[in-house]
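In what follows, a single structure is set out as structure tokens and then discussed.
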Amino acid sequence: MVQSLNTKIDLVIDATAYTGLTDYGEIMIGDKGFEFYHGRDPRKFIQIPWEEVDYVVASVMFKGKWIPRYAIQTKKNGTYTFSSKKPKVVLRAVREYVDPEKMVHSLSFVDVVKRGIKSTFKKNK
């Protein structure tokens, strides 16, 4: 069994991790870090200490009514994407340990298209 990073647990909730294949399990948020444990395979887990978190990126839709997924961008190991049953509760728990300025919205589909068009015209000049 894997040893948890946390000494105090604030939140445990069912979640999905998008790591190539979809993994179902639980997210644990505590005083030392963000952890994901697979529901069936104890060898599949993700542990991210709070010192390692660079940004938390939330995909916000319908003016904040729905958050389908969120990602944790680390300083060294890349980005991990998750979704859970109550994402607002999870993000509020994360906000206790991560600076609120490091929690950002992801770009919408329209913003991505605008950037692509602008970059195409800049390349032609």
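Just so we're on the same page: first chain in the structure tokens is A, next is B, and so on; residues restart at 1 for each chain, and ligands are numbered from 1 in the order they show up.
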
Exercise: range 69-77 of chain A partners within 10 Å, only C-alpha atoms, chain neighbours under 3 positions left out, as an NGL selection string
:A and (16-18 or 34 or 48-60 or 66 or 80-84 or 87 or 90-91 or 102-106)

Neighbouring residues of Asp41 in chain A were defined as those with any atom within 10 Å, considering only C-alpha atoms; residues of the same chain fewer than 2 positions away were excluded. Please report them as a VMD selection string.
chain A and resid 23 to 25 37 to 39 43 to 45

Selected residues written out with C-alpha atoms, as a compact mmCIF listing (two decimals), in the first residue's frame:
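As a result, result-v2.txt now contains:
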# COMPACT_ATOMS: atom_id res chain seq x y z
CA ASP A 23 -8.58 6.16 -14.34
CA TYR A 24 -11.34 6.16 -11.73
CA GLY A 25 -10.59 6.61 -8.07
CA TYR A 37 -5.58 6.98 -5.80
CA HIS A 38 -6.92 4.49 -8.33
CA GLY A 39 -10.03 2.62 -7.21
CA ARG A 43 0.04 0.85 -7.90
CA LYS A 44 -1.65 3.66 -9.87
CA PHE A 45 -1.53 6.86 -7.88

If DSSP is run on the backbone, what residues of range 45-111 of chain A are helix (DSSP H, G or I)? A reply as number ranges by chain would be ideal.
A: 50-52, 87-95, 100-102, 109-111

Could you take the residues named above and write them with N, CA, C and O atoms, as a compact mmCIF listing (two decimals), in the first residue's frame?
# COMPACT_ATOMS: atom_id res chain seq x y z
N TRP A 50 2.22 20.40 -2.38
CA TRP A 50 1.79 21.77 -2.67
C TRP A 50 2.95 22.63 -3.15
O TRP A 50 2.74 23.56 -3.94
N GLU A 51 4.16 22.35 -2.72
CA GLU A 51 5.31 23.14 -3.19
C GLU A 51 5.57 22.95 -4.67
O GLU A 51 6.18 23.78 -5.32
N GLU A 52 5.12 21.81 -5.22
CA GLU A 52 5.37 21.48 -6.61
C GLU A 52 4.31 22.06 -7.56
O GLU A 52 4.50 22.11 -8.78
N PRO A 87 -16.71 19.69 -8.44
CA PRO A 87 -15.44 20.38 -8.70
C PRO A 87 -15.28 21.69 -7.95
O PRO A 87 -14.17 22.06 -7.58
N LYS A 88 -16.38 22.40 -7.68
CA LYS A 88 -16.26 23.66 -6.94
C LYS A 88 -15.76 23.41 -5.53
O LYS A 88 -14.95 24.17 -5.00
N VAL A 89 -16.22 22.34 -4.91
CA VAL A 89 -15.77 21.99 -3.56
C VAL A 89 -14.29 21.65 -3.57
O VAL A 89 -13.52 22.06 -2.69
N VAL A 90 -13.86 20.91 -4.59
CA VAL A 90 -12.45 20.53 -4.72
C VAL A 90 -11.58 21.77 -4.91
O VAL A 90 -10.55 21.93 -4.24
N LEU A 91 -12.00 22.67 -5.81
CA LEU A 91 -11.20 23.87 -6.06
C LEU A 91 -11.16 24.80 -4.85
O LEU A 91 -10.14 25.45 -4.61
N ARG A 92 -12.23 24.84 -4.08
CA ARG A 92 -12.20 25.64 -2.85
C ARG A 92 -11.23 25.05 -1.84
O ARG A 92 -10.53 25.77 -1.12
N ALA A 93 -11.18 23.72 -1.76
CA ALA A 93 -10.24 23.06 -0.85
C ALA A 93 -8.80 23.28 -1.30
O ALA A 93 -7.90 23.49 -0.48
N VAL A 94 -8.56 23.26 -2.61
CA VAL A 94 -7.22 23.50 -3.15
C VAL A 94 -6.80 24.94 -2.88
O VAL A 94 -5.64 25.22 -2.59
N ARG A 95 -7.75 25.86 -2.96
CA ARG A 95 -7.46 27.28 -2.76
C ARG A 95 -6.92 27.58 -1.35
O ARG A 95 -6.24 28.57 -1.14
N PRO A 100 -4.39 32.00 -4.56
CA PRO A 100 -5.50 32.21 -5.50
C PRO A 100 -5.08 32.82 -6.84
O PRO A 100 -5.76 32.65 -7.84
N GLU A 101 -3.97 33.53 -6.88
CA GLU A 101 -3.49 34.08 -8.15
C GLU A 101 -2.94 32.98 -9.06
O GLU A 101 -2.79 33.20 -10.26
N LYS A 102 -2.62 31.83 -8.51
CA LYS A 102 -2.13 30.70 -9.31
C LYS A 102 -3.27 29.82 -9.82
O LYS A 102 -3.04 28.82 -10.47
N PHE A 109 -13.12 27.85 -26.24
CA PHE A 109 -12.93 27.43 -27.62
C PHE A 109 -12.79 28.64 -28.54
O PHE A 109 -11.93 28.67 -29.42
N VAL A 110 -13.60 29.66 -28.30
CA VAL A 110 -13.56 30.87 -29.13
C VAL A 110 -12.20 31.57 -28.97
O VAL A 110 -11.63 32.06 -29.96
N ASP A 111 -11.67 31.64 -27.75
CA ASP A 111 -10.37 32.27 -27.52
C ASP A 111 -9.25 31.53 -28.24
O ASP A 111 -8.33 32.15 -28.77

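The space separating CA of Asp31 in chain A from CA of Ile13 in chain A comes to 15.8 Å.
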
Which of these residues is nearest to Pro68 in chain A, using only C-alpha atoms: A:Asp10, A:Ala15, A:Lys32, A:Ile117?
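Nearest to Pro68 in chain A: A:Ala15.
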
I'd like to know which residues of range 23-80 of chain A are strand (DSSP E) (by DSSP, run on the backbone); could you write them as a ChimeraX atom specification?
/A:23-30,33-38,45-49,53-61,66-74,79-80
